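Visitor: Contents of entry-v9.cif (mmCIF, C-alpha atoms; chains and numbers go by the auth columns):
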data_data
#
loop_
_atom_site.group_PDB
_atom_site.id
_atom_site.type_symbol
_atom_site.label_atom_id
_atom_site.label_comp_id
_atom_site.label_asym_id
_atom_site.label_seq_id
_atom_site.Cartn_x
_atom_site.Cartn_y
_atom_site.Cartn_z
_atom_site.B_iso_or_equiv
_atom_site.auth_seq_id
_atom_site.auth_asym_id
ATOM 1 C CA MET A 1 0.000 0.000 0.000 0.00 1 W
ATOM 2 C CA SER A 2 1.350 3.409 -0.897 0.00 2 W
ATOM 3 C CA SER A 3 1.802 6.266 1.535 0.00 3 W
ATOM 4 C CA PRO A 4 -0.610 9.214 1.772 0.00 4 W
ATOM 5 C CA LEU A 5 1.995 11.482 0.165 0.00 5 W
ATOM 6 C CA GLU A 6 2.399 9.096 -2.748 0.00 6 W
ATOM 7 C CA ASN A 7 -1.388 8.963 -3.181 0.00 7 W
ATOM 8 C CA LEU A 8 -1.556 12.754 -3.168 0.00 8 W
ATOM 9 C CA GLU A 9 1.317 12.983 -5.617 0.00 9 W
ATOM 10 C CA THR A 10 -0.401 10.530 -7.960 0.00 10 W
ATOM 11 C CA GLN A 11 -3.671 12.449 -7.784 0.00 11 W
ATOM 12 C CA LEU A 12 -1.899 15.756 -8.418 0.00 12 W
ATOM 13 C CA GLU A 13 -0.042 14.309 -11.402 0.00 13 W
ATOM 14 C CA MET A 14 -3.315 13.005 -12.856 0.00 14 W
ATOM 15 C CA PHE A 15 -4.928 16.398 -12.231 0.00 15 W
ATOM 16 C CA ILE A 16 -2.083 18.226 -13.964 0.00 16 W
ATOM 17 C CA GLU A 17 -2.264 15.861 -16.920 0.00 17 W
ATOM 18 C CA ASN A 18 -6.004 16.437 -17.133 0.00 18 W
ATOM 19 C CA VAL A 19 -5.495 20.226 -17.137 0.00 19 W
ATOM 20 C CA ARG A 20 -2.865 19.824 -19.861 0.00 20 W
ATOM 21 C CA GLN A 21 -5.291 17.824 -22.004 0.00 21 W
ATOM 22 C CA ILE A 22 -8.050 20.399 -21.464 0.00 22 W
ATOM 23 C CA ARG A 23 -5.659 23.140 -22.535 0.00 23 W
ATOM 24 C CA ILE A 24 -4.925 21.241 -25.762 0.00 24 W
ATOM 25 C CA ILE A 25 -8.617 20.711 -26.449 0.00 25 W
ATOM 26 C CA VAL A 26 -9.482 24.359 -25.756 0.00 26 W
ATOM 27 C CA SER A 27 -6.581 25.780 -27.754 0.00 27 W
ATOM 28 C CA ASP A 28 -7.934 24.144 -30.916 0.00 28 W
ATOM 29 C CA PHE A 29 -11.592 23.909 -29.987 0.00 29 W
ATOM 30 C CA GLN A 30 -13.970 22.312 -32.479 0.00 30 W
ATOM 31 C CA PRO A 31 -17.722 22.106 -31.780 0.00 31 W
ATOM 32 C CA GLN A 32 -17.664 18.323 -32.248 0.00 32 W
ATOM 33 C CA GLY A 33 -15.152 18.145 -29.362 0.00 33 W
ATOM 34 C CA GLN A 34 -17.628 19.559 -26.834 0.00 34 W
ATOM 35 C CA SER A 35 -18.494 16.158 -25.361 0.00 35 W
ATOM 36 C CA VAL A 36 -14.808 15.313 -24.870 0.00 36 W
ATOM 37 C CA LEU A 37 -14.265 18.707 -23.230 0.00 37 W
ATOM 38 C CA ASN A 38 -17.239 18.111 -20.934 0.00 38 W
ATOM 39 C CA GLN A 39 -15.826 14.698 -19.943 0.00 39 W
ATOM 40 C CA LYS A 40 -12.432 16.233 -19.216 0.00 40 W
ATOM 41 C CA ILE A 41 -13.989 18.992 -17.126 0.00 41 W
ATOM 42 C CA GLN A 42 -15.997 16.390 -15.208 0.00 42 W
ATOM 43 C CA SER A 43 -12.847 14.362 -14.575 0.00 43 W
ATOM 44 C CA LEU A 44 -11.169 17.594 -13.445 0.00 44 W
ATOM 45 C CA VAL A 45 -13.920 18.107 -10.868 0.00 45 W
ATOM 46 C CA THR A 46 -13.642 14.467 -9.789 0.00 46 W
ATOM 47 C CA GLY A 47 -9.873 14.879 -9.451 0.00 47 W
ATOM 48 C CA LEU A 48 -10.332 17.928 -7.231 0.00 48 W
ATOM 49 C CA GLN A 49 -12.752 15.952 -5.075 0.00 49 W
ATOM 50 C CA GLU A 50 -10.216 13.132 -4.737 0.00 50 W
ATOM 51 C CA ILE A 51 -7.487 15.603 -3.783 0.00 51 W
ATOM 52 C CA ASP A 52 -9.838 17.129 -1.213 0.00 52 W
ATOM 53 C CA LYS A 53 -10.446 13.664 0.301 0.00 53 W
ATOM 54 C CA LEU A 54 -6.693 13.137 0.659 0.00 54 W
ATOM 55 C CA LYS A 55 -6.083 16.375 2.545 0.00 55 W
ATOM 56 C CA SER A 56 -7.005 14.809 5.898 0.00 56 W
ATOM 57 C CA GLN A 57 -4.245 12.205 5.412 0.00 57 W
ATOM 58 C CA VAL A 58 -1.531 14.817 4.930 0.00 58 W
ATOM 59 C CA HIS A 59 -2.705 17.547 7.304 0.00 59 W
ATOM 60 C CA ASP A 60 0.340 17.136 9.554 0.00 60 W
ATOM 61 C CA ILE A 61 2.820 17.974 6.776 0.00 61 W
ATOM 62 C CA HIS A 62 4.364 21.420 7.170 0.00 62 W
ATOM 63 C CA VAL A 63 5.979 23.120 4.208 0.00 63 W
ATOM 64 C CA PRO A 64 8.212 26.131 4.867 0.00 64 W
ATOM 65 C CA THR A 65 6.746 29.279 3.336 0.00 65 W
ATOM 66 C CA GLU A 66 10.085 29.883 1.620 0.00 66 W
ATOM 67 C CA VAL A 67 9.335 26.896 -0.630 0.00 67 W
ATOM 68 C CA PHE A 68 6.263 28.725 -1.917 0.00 68 W
ATOM 69 C CA ASP A 69 8.425 31.805 -2.495 0.00 69 W
ATOM 70 C CA TYR A 70 10.715 29.644 -4.646 0.00 70 W
ATOM 71 C CA ILE A 71 7.726 28.421 -6.641 0.00 71 W
ATOM 72 C CA ASP A 72 6.352 31.972 -7.028 0.00 72 W
ATOM 73 C CA GLN A 73 9.745 33.068 -8.369 0.00 73 W
ATOM 74 C CA GLY A 74 9.674 30.248 -10.913 0.00 74 W
ATOM 75 C CA ARG A 75 12.477 28.365 -9.185 0.00 75 W
ATOM 76 C CA ASN A 76 12.601 24.651 -8.542 0.00 76 W
ATOM 77 C CA PRO A 77 11.387 24.044 -4.954 0.00 77 W
ATOM 78 C CA GLN A 78 13.970 21.270 -4.593 0.00 78 W
ATOM 79 C CA LEU A 79 16.605 24.010 -4.703 0.00 79 W
ATOM 80 C CA TYR A 80 15.298 25.172 -1.322 0.00 80 W
ATOM 81 C CA THR A 81 16.711 22.054 0.338 0.00 81 W
ATOM 82 C CA LYS A 82 20.028 22.478 -1.456 0.00 82 W
ATOM 83 C CA ASP A 83 20.212 26.140 -0.436 0.00 83 W
ATOM 84 C CA CYS A 84 19.420 25.253 3.191 0.00 84 W
ATOM 85 C CA ILE A 85 22.173 22.632 3.217 0.00 85 W
ATOM 86 C CA ASP A 86 24.627 25.080 1.627 0.00 86 W
ATOM 87 C CA LYS A 87 23.774 27.716 4.254 0.00 87 W
ATOM 88 C CA ALA A 88 24.158 25.152 7.053 0.00 88 W
ATOM 89 C CA LEU A 89 27.541 24.063 5.722 0.00 89 W
ATOM 90 C CA ALA A 90 28.717 27.664 5.477 0.00 90 W
ATOM 91 C CA LYS A 91 27.538 28.385 9.025 0.00 91 W
ATOM 92 C CA ASN A 92 29.186 25.169 10.215 0.00 92 W
ATOM 93 C CA GLU A 93 32.505 26.261 8.713 0.00 93 W
ATOM 94 C CA GLU A 94 32.151 29.688 10.321 0.00 94 W
ATOM 95 C CA VAL A 95 31.435 28.206 13.753 0.00 95 W
ATOM 96 C CA LYS A 96 34.256 25.663 13.343 0.00 96 W
ATOM 97 C CA GLY A 97 36.621 28.538 12.612 0.00 97 W
ATOM 98 C CA LYS A 98 35.503 30.341 15.755 0.00 98 W
ATOM 99 C CA ILE A 99 35.932 27.193 17.865 0.00 99 W
ATOM 100 C CA ASP A 100 39.428 26.659 16.467 0.00 100 W
ATOM 101 C CA SER A 101 40.290 30.305 17.224 0.00 101 W
ATOM 102 C CA TYR A 102 39.070 29.966 20.815 0.00 102 W
ATOM 103 C CA LYS A 103 41.084 26.757 21.249 0.00 103 W
ATOM 104 C CA ARG A 104 44.238 28.470 19.991 0.00 104 W
ATOM 105 C CA PHE A 105 43.500 31.467 22.230 0.00 105 W
ATOM 106 C CA LYS A 106 43.025 29.187 25.245 0.00 106 W
ATOM 107 C CA THR A 107 46.281 27.352 24.549 0.00 107 W
ATOM 108 C CA HIS A 108 48.159 30.616 24.132 0.00 108 W
ATOM 109 C CA LEU A 109 46.527 32.137 27.238 0.00 109 W
ATOM 110 C CA LEU A 110 47.401 29.094 29.376 0.00 110 W
ATOM 111 C CA SER A 111 50.947 29.193 28.055 0.00 111 W
ATOM 112 C CA GLU A 112 51.352 32.873 28.934 0.00 112 W
ATOM 113 C CA LEU A 113 49.626 32.497 32.303 0.00 113 W
ATOM 114 C CA SER A 114 51.823 29.519 33.222 0.00 114 W
ATOM 115 C CA LYS A 115 54.863 31.753 32.745 0.00 115 W
ATOM 116 C CA THR A 116 53.437 34.362 35.113 0.00 116 W
ATOM 117 C CA PHE A 117 51.474 32.165 37.544 0.00 117 W
ATOM 118 C CA PRO A 118 53.002 28.665 37.342 0.00 118 W
ATOM 119 C CA ASN A 119 51.597 27.383 40.666 0.00 119 W
ATOM 120 C CA GLU A 120 48.070 28.586 39.996 0.00 120 W
ATOM 121 C CA ILE A 121 48.038 27.172 36.462 0.00 121 W
ATOM 122 C CA THR A 122 49.310 23.814 37.736 0.00 122 W
ATOM 123 C CA LYS A 123 46.411 23.744 40.237 0.00 123 W
ATOM 124 C CA TYR A 124 43.987 24.830 37.529 0.00 124 W
ATOM 125 C CA LYS A 125 45.154 22.083 35.170 0.00 125 W
ATOM 126 C CA ALA A 126 44.865 19.531 37.985 0.00 126 W
ATOM 127 C CA LEU A 127 41.268 20.636 38.654 0.00 127 W
ATOM 128 C CA ARG A 128 40.377 20.592 34.963 0.00 128 W
ATOM 129 C CA GLY A 129 41.816 17.122 34.395 0.00 129 W
ATOM 130 C CA GLY A 130 45.198 17.941 32.964 0.00 130 W
ATOM 131 C CA GLU A 131 44.226 20.404 30.245 0.00 131 W
#
Can you give me the file's structure in the form of C-alpha cells?
Guide:
Amino acid sequence: MSSPLENLETQLEMFIENVRQIRIIVSDFQPQGQSVLNQKIQSLVTGLQEIDKLKSQVHDIHVPTEVFDYIDQGRNPQLYTKDCIDKALAKNEEVKGKIDSYKRFKTHLLSELSKTFPNEITKYKALRGGE
C-alpha cells in the first residue's frame, strides 16, 4: 500500500495531466469536441474531489513558506533544500573557525599564564583534568 503522500502525488499528477489535455482541447476547440471537453472537465472536478479527500491524510505535513516563495519566483522548490544545506555548511565552517580560534586562544593564554602564575596554572590544570 502506498503512503498518503504518494497517493496525493499521484492524484496531483493526474490532475495536472487532465489540465494539460483540457488546454490542448481548448486551444484548438472544435464544436464536435464539446463532449470530450465536458468529460475532461468532469474528470477535473472528480480529481479535485479526490485531492480534497486526501487532505485529511496529509494535514500534519508542514511546508516552509520559503518553498512557496521559490515556486512563485519560478524556481525549482527542490533548490530550497540544497540552499538550506549550503547555508548550514557555510555556518558550520564559520562556527568551526571560531571554535578553532578559541582553542588556539586558550592554549596561548594558558601558556602565557603559566609563565606568570606557574603554581596557579598547575592547580587549575589539575582541577580541569590535565588540560
Visitor: Taking the file as shown, what set of residues would the PyMOL selection byres ((chain W and resi 5-19) around 7) give back, as an mmCIF file with C-alpha atoms, in the coordinates of the input?
Guide:
data_model
loop_
_atom_site.group_PDB
_atom_site.id
_atom_site.type_symbol
_atom_site.label_atom_id
_atom_site.label_comp_id
_atom_site.auth_asym_id
_atom_site.auth_seq_id
_atom_site.Cartn_x
_atom_site.Cartn_y
_atom_site.Cartn_z
ATOM 1 C CA SER W 2 1.350 3.409 -0.897
ATOM 2 C CA SER W 3 1.802 6.266 1.535
ATOM 3 C CA PRO W 4 -0.610 9.214 1.772
ATOM 4 C CA ARG W 20 -2.865 19.824 -19.861
ATOM 5 C CA GLN W 21 -5.291 17.824 -22.004
ATOM 6 C CA ILE W 22 -8.050 20.399 -21.464
ATOM 7 C CA ARG W 23 -5.659 23.140 -22.535
ATOM 8 C CA LYS W 40 -12.432 16.233 -19.216
ATOM 9 C CA LEU W 44 -11.169 17.594 -13.445
ATOM 10 C CA GLY W 47 -9.873 14.879 -9.451
ATOM 11 C CA ILE W 51 -7.487 15.603 -3.783
ATOM 12 C CA LEU W 54 -6.693 13.137 0.659
ATOM 13 C CA VAL W 58 -1.531 14.817 4.930
#
Visitor: Hey, can you check how far CA of Ser43 in chain W sits from CA of His62 in chain W?
Guide: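 According to the coordinates, CA of Ser43 in chain W and CA of His62 in chain W are separated by 28.6 Å.
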Visitor: Give the answer as one residue: which of W:Leu37, W:Thr46, W:Asp83, W:Lys125 has the shortest atom-to-atom distance to Ser111 in chain W, using all atoms listed in the file?
Guide: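 Once distances to Ser111 in chain W are computed over all atoms listed in the file, the minimum belongs to W:Lys125.
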Visitor: Quick one: distance from CA of Asp28 in chain W to CA of Glu50 in chain W in Å, one decimal?
Guide: 28.5 Å
Visitor: So what do you get for CA of Asn76 in chain W versus CA of Pro64 in chain W, distance-wise?
Guide: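 Taking CA of Asn76 in chain W as the start and CA of Pro64 in chain W as the end point, the length is 14.2 Å.
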Visitor: Once the PyMOL selection byres ((chain W and resi 67) around 9) has been applied to the shown file, what residues remain in the selection, as a ChimeraX atom specification?
Guide: /W:63-66,68-72,76-81
